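S.K.: start.cif is reproduced below (mmCIF, C-alpha atoms and all ligand atoms).
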data_model
#
loop_
_atom_site.group_PDB
_atom_site.id
_atom_site.type_symbol
_atom_site.label_atom_id
_atom_site.label_comp_id
_atom_site.auth_asym_id
_atom_site.auth_seq_id
_atom_site.Cartn_x
_atom_site.Cartn_y
_atom_site.Cartn_z
ATOM 1 C CA MET E 1311 0.000 0.000 0.000
ATOM 2 C CA GLU E 1312 1.565 3.248 -1.081
ATOM 3 C CA LYS E 1313 -0.812 6.047 -0.333
ATOM 4 C CA ALA E 1314 -1.716 7.157 3.157
ATOM 5 C CA THR E 1315 -4.580 5.103 4.499
ATOM 6 C CA THR E 1316 -7.713 6.900 5.552
ATOM 7 C CA TYR E 1317 -8.111 4.985 8.802
ATOM 8 C CA THR E 1318 -4.683 5.481 10.407
ATOM 9 C CA GLU E 1319 -6.263 7.692 13.039
ATOM 10 C CA GLU E 1320 -8.736 4.973 13.985
ATOM 11 C CA LEU E 1321 -5.948 2.388 14.194
ATOM 12 C CA ASN E 1322 -3.905 4.701 16.400
ATOM 13 C CA GLN E 1323 -6.927 5.338 18.600
ATOM 14 C CA LEU E 1324 -7.298 1.578 19.027
ATOM 15 C CA LEU E 1325 -3.588 1.249 19.831
ATOM 16 C CA ALA E 1326 -3.844 4.066 22.390
ATOM 17 C CA SER E 1327 -6.913 2.431 23.937
ATOM 18 C CA TYR E 1328 -5.135 -0.894 24.352
ATOM 19 C CA GLN E 1329 -2.128 0.818 25.918
ATOM 20 C CA ILE E 1330 -4.229 2.542 28.580
ATOM 21 C CA HIS E 1331 -6.231 -0.657 29.061
ATOM 22 C CA TYR E 1332 -2.952 -2.545 29.572
ATOM 23 C CA GLN E 1333 -1.906 -0.287 32.447
ATOM 24 C CA ASN E 1334 -5.393 -0.461 33.931
ATOM 25 C CA LEU E 1335 -5.121 -4.261 33.927
ATOM 26 C CA ARG E 1336 -1.764 -4.048 35.722
ATOM 27 C CA SER E 1337 -3.372 -1.816 38.336
ATOM 28 C CA LEU E 1338 -6.180 -4.352 38.847
ATOM 29 C CA HIS E 1339 -3.643 -7.202 39.045
ATOM 30 C CA TRP E 1340 -1.586 -5.435 41.696
ATOM 31 C CA ASN E 1341 -4.414 -4.148 43.851
ATOM 32 C CA ILE E 1342 -6.967 -6.977 43.944
ATOM 33 C CA LYS E 1343 -7.864 -8.043 47.501
ATOM 34 C CA GLY E 1344 -10.363 -10.389 49.059
ATOM 35 C CA GLN E 1345 -11.705 -13.844 48.332
ATOM 36 C CA GLY E 1346 -11.350 -13.558 44.572
ATOM 37 C CA PHE E 1347 -7.654 -12.747 44.882
ATOM 38 C CA PHE E 1348 -6.108 -15.923 43.488
ATOM 39 C CA GLU E 1349 -8.567 -16.256 40.625
ATOM 40 C CA LEU E 1350 -8.567 -12.622 39.509
ATOM 41 C CA HIS E 1351 -4.880 -11.923 40.114
ATOM 42 C CA LEU E 1352 -4.168 -14.681 37.565
ATOM 43 C CA LYS E 1353 -6.949 -13.688 35.153
ATOM 44 C CA TYR E 1354 -5.718 -10.081 35.083
ATOM 45 C CA GLU E 1355 -2.212 -11.332 34.358
ATOM 46 C CA GLU E 1356 -3.473 -13.471 31.471
ATOM 47 C CA LEU E 1357 -5.307 -10.440 30.086
ATOM 48 C CA TYR E 1358 -2.440 -7.991 30.340
ATOM 49 C CA ASN E 1359 -0.047 -10.475 28.742
ATOM 50 C CA ARG E 1360 -2.478 -10.949 25.855
ATOM 51 C CA THR E 1361 -2.963 -7.173 25.620
ATOM 52 C CA LEU E 1362 0.793 -6.658 25.245
ATOM 53 C CA VAL E 1363 0.810 -8.983 22.233
ATOM 54 C CA ILE E 1364 -2.165 -7.151 20.710
ATOM 55 C CA VAL E 1365 -0.424 -3.777 21.217
ATOM 56 C CA ASP E 1366 2.623 -5.009 19.327
ATOM 57 C CA ASP E 1367 0.563 -6.618 16.558
ATOM 58 C CA LEU E 1368 -1.401 -3.399 16.075
ATOM 59 C CA ALA E 1369 1.640 -1.111 16.059
ATOM 60 C CA GLU E 1370 3.450 -3.357 13.587
ATOM 61 C CA ARG E 1371 0.330 -3.589 11.413
ATOM 62 C CA ILE E 1372 0.257 0.229 11.287
ATOM 63 C CA LEU E 1373 3.900 0.151 10.158
ATOM 64 C CA SER E 1374 3.144 -2.586 7.628
ATOM 65 C CA ILE E 1375 0.634 -0.345 5.865
ATOM 66 C CA GLY E 1376 3.195 2.448 5.712
ATOM 67 C CA GLU E 1377 1.962 4.540 8.627
ATOM 68 C CA THR E 1378 3.400 5.558 12.013
ATOM 69 C CA PRO E 1379 2.073 4.167 15.296
ATOM 70 C CA LEU E 1380 1.685 6.516 18.251
ATOM 71 C CA SER E 1381 4.389 5.620 20.751
ATOM 72 C CA SER E 1382 4.267 7.941 23.750
ATOM 73 C CA PHE E 1383 2.054 7.775 26.801
ATOM 74 C CA SER E 1384 1.114 11.451 26.462
ATOM 75 C CA GLU E 1385 -0.282 10.691 22.999
ATOM 76 C CA TYR E 1386 -2.053 7.599 24.301
ATOM 77 C CA LEU E 1387 -3.720 9.587 27.076
ATOM 78 C CA ASP E 1388 -4.791 12.275 24.612
ATOM 79 C CA THR E 1389 -6.160 9.750 22.125
ATOM 80 C CA SER E 1390 -7.689 6.894 24.123
ATOM 81 C CA PRO E 1391 -11.405 7.032 24.953
ATOM 82 C CA ILE E 1392 -10.619 4.503 27.701
ATOM 83 C CA ALA E 1393 -9.543 6.523 30.742
ATOM 84 C CA GLU E 1394 -7.143 5.572 33.502
ATOM 85 C CA ILE E 1395 -9.004 3.802 36.289
ATOM 86 C CA GLU E 1396 -9.018 4.682 39.963
ATOM 87 C CA LEU E 1397 -7.196 2.250 42.214
ATOM 88 C CA THR E 1398 -9.592 -0.479 43.350
ATOM 89 C CA HIS E 1399 -9.279 -3.609 45.487
ATOM 90 C CA ASP E 1400 -12.710 -4.869 44.475
ATOM 91 C CA GLY E 1401 -13.061 -7.784 42.073
ATOM 92 C CA ALA E 1402 -16.549 -6.960 40.784
ATOM 93 C CA THR E 1403 -15.505 -3.355 40.061
ATOM 94 C CA GLY E 1404 -12.474 -4.660 38.173
ATOM 95 C CA VAL E 1405 -14.431 -7.138 36.060
ATOM 96 C CA ALA E 1406 -17.140 -4.549 35.314
ATOM 97 C CA TYR E 1407 -14.397 -2.172 34.136
ATOM 98 C CA ILE E 1408 -12.972 -4.883 31.859
ATOM 99 C CA LEU E 1409 -16.373 -5.540 30.337
ATOM 100 C CA SER E 1410 -16.945 -1.845 29.625
ATOM 101 C CA ALA E 1411 -13.415 -1.391 28.234
ATOM 102 C CA GLN E 1412 -13.836 -4.403 25.981
ATOM 103 C CA GLU E 1413 -17.134 -3.024 24.715
ATOM 104 C CA GLU E 1414 -15.366 0.217 23.768
ATOM 105 C CA LEU E 1415 -12.560 -1.734 22.050
ATOM 106 C CA LEU E 1416 -15.130 -3.846 20.187
ATOM 107 C CA LYS E 1417 -16.925 -0.727 18.986
ATOM 108 C CA GLN E 1418 -13.696 0.628 17.499
ATOM 109 C CA GLU E 1419 -12.789 -2.742 15.992
ATOM 110 C CA ARG E 1420 -16.181 -3.067 14.293
ATOM 111 C CA VAL E 1421 -15.716 0.335 12.634
ATOM 112 C CA LEU E 1422 -12.242 -0.738 11.504
ATOM 113 C CA LEU E 1423 -13.578 -4.073 10.248
ATOM 114 C CA GLN E 1424 -15.925 -2.138 7.982
ATOM 115 C CA VAL E 1425 -13.456 0.434 6.641
ATOM 116 C CA THR E 1426 -10.609 -2.031 6.114
ATOM 117 C CA GLY E 1427 -13.014 -4.340 4.281
ATOM 118 C CA ASP E 1428 -14.055 -1.464 2.016
ATOM 119 C CA ALA E 1429 -10.368 -0.694 1.375
ATOM 120 C CA ASP E 1430 -9.498 -4.336 0.576
ATOM 121 C CA ASP E 1431 -6.920 -4.280 3.366
ATOM 122 C CA GLU E 1432 -7.193 -7.977 4.141
ATOM 123 C CA GLY E 1433 -4.361 -8.058 6.680
ATOM 124 C CA THR E 1434 -5.847 -5.395 8.952
ATOM 125 C CA ASN E 1435 -9.322 -6.765 8.330
ATOM 126 C CA GLY E 1436 -8.258 -10.246 9.453
ATOM 127 C CA LEU E 1437 -6.633 -8.811 12.571
ATOM 128 C CA MET E 1438 -9.856 -6.971 13.448
ATOM 129 C CA SER E 1439 -11.889 -10.088 12.845
ATOM 130 C CA ASP E 1440 -9.670 -12.111 15.220
ATOM 131 C CA LEU E 1441 -9.843 -9.424 17.917
ATOM 132 C CA ILE E 1442 -13.628 -9.168 17.636
ATOM 133 C CA ARG E 1443 -14.179 -12.923 17.867
ATOM 134 C CA GLU E 1444 -11.863 -13.237 20.873
ATOM 135 C CA LYS E 1445 -13.514 -10.347 22.715
ATOM 136 C CA GLU E 1446 -17.038 -11.551 22.039
ATOM 137 C CA LYS E 1447 -16.084 -14.794 23.752
ATOM 138 C CA THR E 1448 -14.382 -13.223 26.762
ATOM 139 C CA ASN E 1449 -17.245 -10.713 27.161
ATOM 140 C CA TRP E 1450 -19.620 -13.636 27.534
ATOM 141 C CA MET E 1451 -17.306 -14.995 30.261
ATOM 142 C CA PHE E 1452 -17.058 -11.678 32.128
ATOM 143 C CA LYS E 1453 -20.842 -11.288 31.979
ATOM 144 C CA ALA E 1454 -21.233 -14.818 33.343
ATOM 145 C CA TRP E 1455 -18.753 -14.028 36.130
ATOM 146 C CA LEU E 1456 -20.766 -10.901 37.019
ATOM 147 C CA ASN E 1457 -23.945 -12.993 36.828
ATOM 148 C CA LYS E 1458 -25.380 -10.660 34.159
HETATM 149 FE FE FE U 1501 2.374 -10.165 38.755
#
Give the structure from the file, written as structure tokens.
Ligand SMILES: [Fe+2]
M.R.:
Amino acid sequence: MEKATTYTEELNQLLASYQIHYQNLRSLHWNIKGQGFFELHLKYEELYNRTLVIVDDLAERILSIGETPLSSFSEYLDTSPIAEIELTHDGATGVAYILSAQEELLKQERVLLQVTGDADDEGTNGLMSDLIREKEKTNWMFKAWLNK
């Protein structure tokens, strides 16, 4: 792809969102207390490790289509619709945050699925499709955990 893509901003917004989400997950992992400690401490770790891989895949996808990924935390904070969370020790608050963050990420990914499909950008489209499928599954699990 030679010309500037029209959805670089959306990709960078998604990257920024995952970066803030990553740090939020670390905060949940560190601060969880109570009876759900062992279960959630591990679950948060699994999620932040997965999020790190997604961050790298997204940034390198942006480079692969000839664009520049945002790379500073000040840019991430300016760009991400997902805000930094307050410190919490509560498991239900943490899981509810994850569900809402994943819904925001899904919303962005569905827009990108559409525009990358229209642009015949199969690589980015396939990445979005994988992220959407994965999140739909984990959202079902978080809802089940919250008994929703
Ligand atoms: Fe740890």
S.K.: Can you pull out every residue with an atom within 12 Å of ligand FE 1501 (chain U)? Use all atoms listed in the file and format it as a VMD selection string.
M.R.: chain E and resid 1335 to 1342 1348 1350 to 1359
S.K.: Expressed in Å to a single decimal, how great is the separation between atom CA of E:Glu1377 and atom CA of E:Thr1318?
M.R.: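 Computing the Euclidean distance for atom CA of E:Glu1377 and atom CA of E:Thr1318 yields 6.9 Å.
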S.K.: Tell me which residues the PyMOL selection byres (((chain E and resi 1424-1427) around 12) and not hetatm) grabs here, as an MDAnalysis selection string.
M.R.: chainID E and resid 1315:1318 1320:1321 1375 1417:1423 1428:1439
S.K.: With all atoms listed in the file as the atoms that count, which of E:Leu1368, E:Leu1325, E:Val1363, E:Ile1408 lies nearest to E:Glu1385?
M.R.: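 For E:Glu1385, the nearest of the given residues is E:Leu1325.
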S.K.: Evaluate the PyMOL selection byres (((chain E and resi 1381) around 12) and not hetatm) and record the selected residues as an mmCIF file with C-alpha atoms, in the coordinates of the input, following the chain and residue labels used in the document.
M.R.:
data_model
loop_
_atom_site.group_PDB
_atom_site.id
_atom_site.type_symbol
_atom_site.label_atom_id
_atom_site.label_comp_id
_atom_site.auth_asym_id
_atom_site.auth_seq_id
_atom_site.Cartn_x
_atom_site.Cartn_y
_atom_site.Cartn_z
ATOM 1 C CA ASN E 1322 -3.905 4.701 16.400
ATOM 2 C CA GLN E 1323 -6.927 5.338 18.600
ATOM 3 C CA LEU E 1325 -3.588 1.249 19.831
ATOM 4 C CA ALA E 1326 -3.844 4.066 22.390
ATOM 5 C CA GLN E 1329 -2.128 0.818 25.918
ATOM 6 C CA VAL E 1365 -0.424 -3.777 21.217
ATOM 7 C CA ASP E 1366 2.623 -5.009 19.327
ATOM 8 C CA LEU E 1368 -1.401 -3.399 16.075
ATOM 9 C CA ALA E 1369 1.640 -1.111 16.059
ATOM 10 C CA GLU E 1370 3.450 -3.357 13.587
ATOM 11 C CA ILE E 1372 0.257 0.229 11.287
ATOM 12 C CA LEU E 1373 3.900 0.151 10.158
ATOM 13 C CA THR E 1378 3.400 5.558 12.013
ATOM 14 C CA PRO E 1379 2.073 4.167 15.296
ATOM 15 C CA LEU E 1380 1.685 6.516 18.251
ATOM 16 C CA SER E 1382 4.267 7.941 23.750
ATOM 17 C CA PHE E 1383 2.054 7.775 26.801
ATOM 18 C CA SER E 1384 1.114 11.451 26.462
ATOM 19 C CA GLU E 1385 -0.282 10.691 22.999
ATOM 20 C CA TYR E 1386 -2.053 7.599 24.301
ATOM 21 C CA LEU E 1387 -3.720 9.587 27.076
ATOM 22 C CA ASP E 1388 -4.791 12.275 24.612
ATOM 23 C CA THR E 1389 -6.160 9.750 22.125
#
S.K.: Can you give me, as a CSV table (one decimal) with C-alpha atoms, keeping the file's coordinate frame, the residues this file yields under the PyMOL selection byres (((chain E and resi 1391) around 8) and not hetatm)?
M.R.:
chain,number,residue,atom,x,y,z
E,1323,GLN,CA,-6.9,5.3,18.6
E,1327,SER,CA,-6.9,2.4,23.9
E,1389,THR,CA,-6.2,9.8,22.1
E,1390,SER,CA,-7.7,6.9,24.1
E,1392,ILE,CA,-10.6,4.5,27.7
E,1393,ALA,CA,-9.5,6.5,30.7
E,1414,GLU,CA,-15.4,0.2,23.8
S.K.: Quick one: pull the distance between atom CA of E:Ile1395 and atom CA of E:Leu1324, Å, one decimal.
M.R.: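 Result for atom CA of E:Ile1395 versus atom CA of E:Leu1324: 17.5 Å, one decimal.
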S.K.: Just give me the gap between atom CA of E:Ala1454 and atom CA of E:Ala1411 in Å, one decimal is fine.
M.R.: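 Answer for the atom CA of E:Ala1454 to atom CA of E:Ala1411 separation: 16.4 Å.
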S.K.: Can you report as JSON the centre and edge lengths in Å, to one decimal, of an axis-aligned box around the listed atoms of stretch 1373-1392 of chain E padded with 3 Å on each side?
M.R.:
{"center_x": -3.5, "center_y": 4.8, "center_z": 16.7, "size_x": 21.8, "size_y": 20.9, "size_z": 28.0}
S.K.: So which one's closest to E:His1331, E:Thr1361, E:Gln1345, E:Thr1403, E:Thr1398? Using all atoms listed in the file, please.
M.R.: E:Thr1361
